[in-house]
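To start, the structure under review is shown below, and the notes come after it.
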Amino acid sequence: MRAKLLIFLGLMIAASTAVQAAGDPAKGRLKAETCLGCHGIPGYRYSSYPTYHVPKVAGQHEAYIASALQSYKAGERDNPTMHAQAQTLSDEDIQDIAAFFAQAGMSR
Ligand code: HEC
């Protein structure tokens, strides 16, 4: 019982480091240029688009951001704006951008 739990925990840790290592935040910074027009990061020169509500992406979990973008891309999350944005992104773009936004929130 205990051994199984340890193996399970080990796999979880291995899986989470794999996700962490997947994206390149430096590349993501460049690819996220458009995104910052709406999802502003405090301290960057962009501010959030003022006229309607935009969720804060900076500092969210990398895996969460990536899966949200995949869902918009696939149309599982129904939002015309984000569907249009996510459609232009490859899987690699999504990983890099997710890594950038996750890190952008932490470094402050
Ligand atoms: C024109 C403004 C605009 C642009 C540009 C934009 N977004 Fe969004 N984004 C939104 C809005 C509005 C929502 C909320 C949509 C909803 O209700 O599902 C959103 C939602 C999201 C979410 C889900 C957040 C959550 O908490 O669930 C993520 C992740 C995200 N955007 C990432 C990005 C990325 C990455 C880019 C650049 C490729 C980008 N967005 C570009 C307006 C924008």
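Residue numbers start at 1 in each chain; chains themselves are named A, B, ... in the order of the structure tokens; ligands are numbered from 1 in the order shown.
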
So which bits of region 60-103 of chain A end up alpha helix (DSSP H) when you DSSP the backbone, as an MDAnalysis selection string? chainID A and resid 62:74 80:87 91:103

Pick out the residues sitting within 9 Å of Ala86 (chain A), and hand them over as a PyMOL selection string; count only C-alpha atoms, and ignore anything fewer than 6 positions along from it in its own chain. chain A and resi 69-74+94

Could those selected residues go to a file with all heavy atoms, as a PDB file, in the first residue's frame?
```
ATOM      1  N   LEU A  69      -5.465  27.418 -23.211  1.00  0.00           N
ATOM      2  CA  LEU A  69      -5.229  27.789 -24.609  1.00  0.00           C
ATOM      3  C   LEU A  69      -5.598  26.655 -25.559  1.00  0.00           C
ATOM      4  O   LEU A  69      -6.179  26.877 -26.620  1.00  0.00           O
ATOM      5  CB  LEU A  69      -3.765  28.199 -24.808  1.00  0.00           C
ATOM      6  CG  LEU A  69      -3.403  29.557 -24.186  1.00  0.00           C
ATOM      7  CD1 LEU A  69      -1.899  29.778 -24.224  1.00  0.00           C
ATOM      8  CD2 LEU A  69      -4.118  30.697 -24.893  1.00  0.00           C
ATOM      9  N   GLN A  70      -5.268  25.410 -25.150  1.00  0.00           N
ATOM     10  CA  GLN A  70      -5.650  24.261 -25.978  1.00  0.00           C
ATOM     11  C   GLN A  70      -7.168  24.172 -26.111  1.00  0.00           C
ATOM     12  O   GLN A  70      -7.687  23.853 -27.178  1.00  0.00           O
ATOM     13  CB  GLN A  70      -5.101  22.955 -25.384  1.00  0.00           C
ATOM     14  CG  GLN A  70      -3.597  22.820 -25.438  1.00  0.00           C
ATOM     15  CD  GLN A  70      -3.040  22.592 -26.852  1.00  0.00           C
ATOM     16  OE1 GLN A  70      -3.782  22.559 -27.830  1.00  0.00           O
ATOM     17  NE2 GLN A  70      -1.721  22.462 -26.952  1.00  0.00           N
ATOM     18  N   SER A  71      -7.867  24.457 -25.004  1.00  0.00           N
ATOM     19  CA  SER A  71      -9.336  24.370 -25.038  1.00  0.00           C
ATOM     20  C   SER A  71      -9.941  25.451 -25.932  1.00  0.00           C
ATOM     21  O   SER A  71     -10.908  25.197 -26.653  1.00  0.00           O
ATOM     22  CB  SER A  71      -9.934  24.528 -23.639  1.00  0.00           C
ATOM     23  OG  SER A  71      -9.321  23.651 -22.741  1.00  0.00           O
ATOM     24  N   TYR A  72      -9.379  26.655 -25.876  1.00  0.00           N
ATOM     25  CA  TYR A  72      -9.858  27.719 -26.772  1.00  0.00           C
ATOM     26  C   TYR A  72      -9.591  27.335 -28.214  1.00  0.00           C
ATOM     27  O   TYR A  72     -10.429  27.529 -29.096  1.00  0.00           O
ATOM     28  CB  TYR A  72      -9.155  29.051 -26.470  1.00  0.00           C
ATOM     29  CG  TYR A  72      -9.626  29.749 -25.219  1.00  0.00           C
ATOM     30  CD1 TYR A  72      -8.738  30.085 -24.214  1.00  0.00           C
ATOM     31  CD2 TYR A  72     -10.967  30.112 -25.053  1.00  0.00           C
ATOM     32  CE1 TYR A  72      -9.152  30.752 -23.071  1.00  0.00           C
ATOM     33  CE2 TYR A  72     -11.397  30.779 -23.921  1.00  0.00           C
ATOM     34  CZ  TYR A  72     -10.479  31.097 -22.925  1.00  0.00           C
ATOM     35  OH  TYR A  72     -10.892  31.755 -21.802  1.00  0.00           O
ATOM     36  N   LYS A  73      -8.388  26.797 -28.448  1.00  0.00           N
ATOM     37  CA  LYS A  73      -7.997  26.413 -29.801  1.00  0.00           C
ATOM     38  C   LYS A  73      -8.956  25.363 -30.362  1.00  0.00           C
ATOM     39  O   LYS A  73      -9.394  25.447 -31.497  1.00  0.00           O
ATOM     40  CB  LYS A  73      -6.563  25.873 -29.774  1.00  0.00           C
ATOM     41  CG  LYS A  73      -5.980  25.611 -31.142  1.00  0.00           C
ATOM     42  CD  LYS A  73      -4.519  25.174 -31.017  1.00  0.00           C
ATOM     43  CE  LYS A  73      -3.975  24.783 -32.375  1.00  0.00           C
ATOM     44  NZ  LYS A  73      -2.562  24.372 -32.286  1.00  0.00           N
ATOM     45  N   ALA A  74      -9.279  24.388 -29.525  1.00  0.00           N
ATOM     46  CA  ALA A  74     -10.161  23.295 -29.954  1.00  0.00           C
ATOM     47  C   ALA A  74     -11.624  23.715 -29.983  1.00  0.00           C
ATOM     48  O   ALA A  74     -12.471  22.973 -30.464  1.00  0.00           O
ATOM     49  CB  ALA A  74      -9.984  22.104 -29.018  1.00  0.00           C
ATOM     50  N   ILE A  94       2.249  27.491 -27.525  1.00  0.00           N
ATOM     51  CA  ILE A  94       1.438  27.450 -26.304  1.00  0.00           C
ATOM     52  C   ILE A  94       2.308  27.137 -25.089  1.00  0.00           C
ATOM     53  O   ILE A  94       2.191  27.792 -24.052  1.00  0.00           O
ATOM     54  CB  ILE A  94       0.277  26.429 -26.466  1.00  0.00           C
ATOM     55  CG1 ILE A  94      -0.779  27.030 -27.408  1.00  0.00           C
ATOM     56  CG2 ILE A  94      -0.339  26.060 -25.116  1.00  0.00           C
ATOM     57  CD1 ILE A  94      -1.944  26.118 -27.716  1.00  0.00           C
TER      58      ILE A  94
END
```

Can you pull out every residue with an atom within 6 Å of ligand 1? Use only C-alpha atoms and all ligand atoms and format it as a list in words. Ala32, Thr34, Cys35, Gly37, Cys38, Val54, Pro55, Val57, Ile65, Ala68, Leu69, Asn79, Thr81, Met82, Gln85, Ala86 and Ile97 of chain A

Tell me which protein, DNA and RNA residues are within 9 Å of Lys56 (chain A), counting only C-alpha atoms, leaving out same-chain ones fewer than 2 positions away, and put them as a PDB file with C-alpha atoms, in the first residue's frame.
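Output below, filename around.pdb:
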```pdb
ATOM      1  CA  HIS A  39      -3.571  40.490 -20.493  1.00  0.00           C
ATOM      2  CA  GLY A  40      -1.374  43.218 -19.092  1.00  0.00           C
ATOM      3  CA  ILE A  41       1.344  42.448 -16.586  1.00  0.00           C
ATOM      4  CA  SER A  48      -5.026  45.664 -19.502  1.00  0.00           C
ATOM      5  CA  VAL A  54      -9.995  40.230 -19.068  1.00  0.00           C
ATOM      6  CA  ALA A  58       0.371  36.273 -15.371  1.00  0.00           C
ATOM      7  CA  GLY A  59       1.348  34.112 -12.424  1.00  0.00           C
ATOM      8  CA  GLN A  60      -1.152  31.367 -13.142  1.00  0.00           C
TER       9      GLN A  60
END
```

Need to verify the contact set: Gly28 (chain A), 10 Å, only C-alpha atoms, exclusion of same-chain residues closer than 2 positions in sequence. Can you return it as a ChimeraX atom specification? /A:23-26,30-33,92-101

Report, in Å with one decimal, the straight-line distance from CA of Arg29 (chain A) to CA of Gly75 (chain A).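 Separation of CA of Arg29 (chain A) and CA of Gly75 (chain A): 24.7 Å.
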
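Using only C-alpha atoms, the shortest contact distance between Asp91 (chain A) and any of A:Ala66, A:Arg77, A:Lys27, A:His61 is found at A:Ala66.
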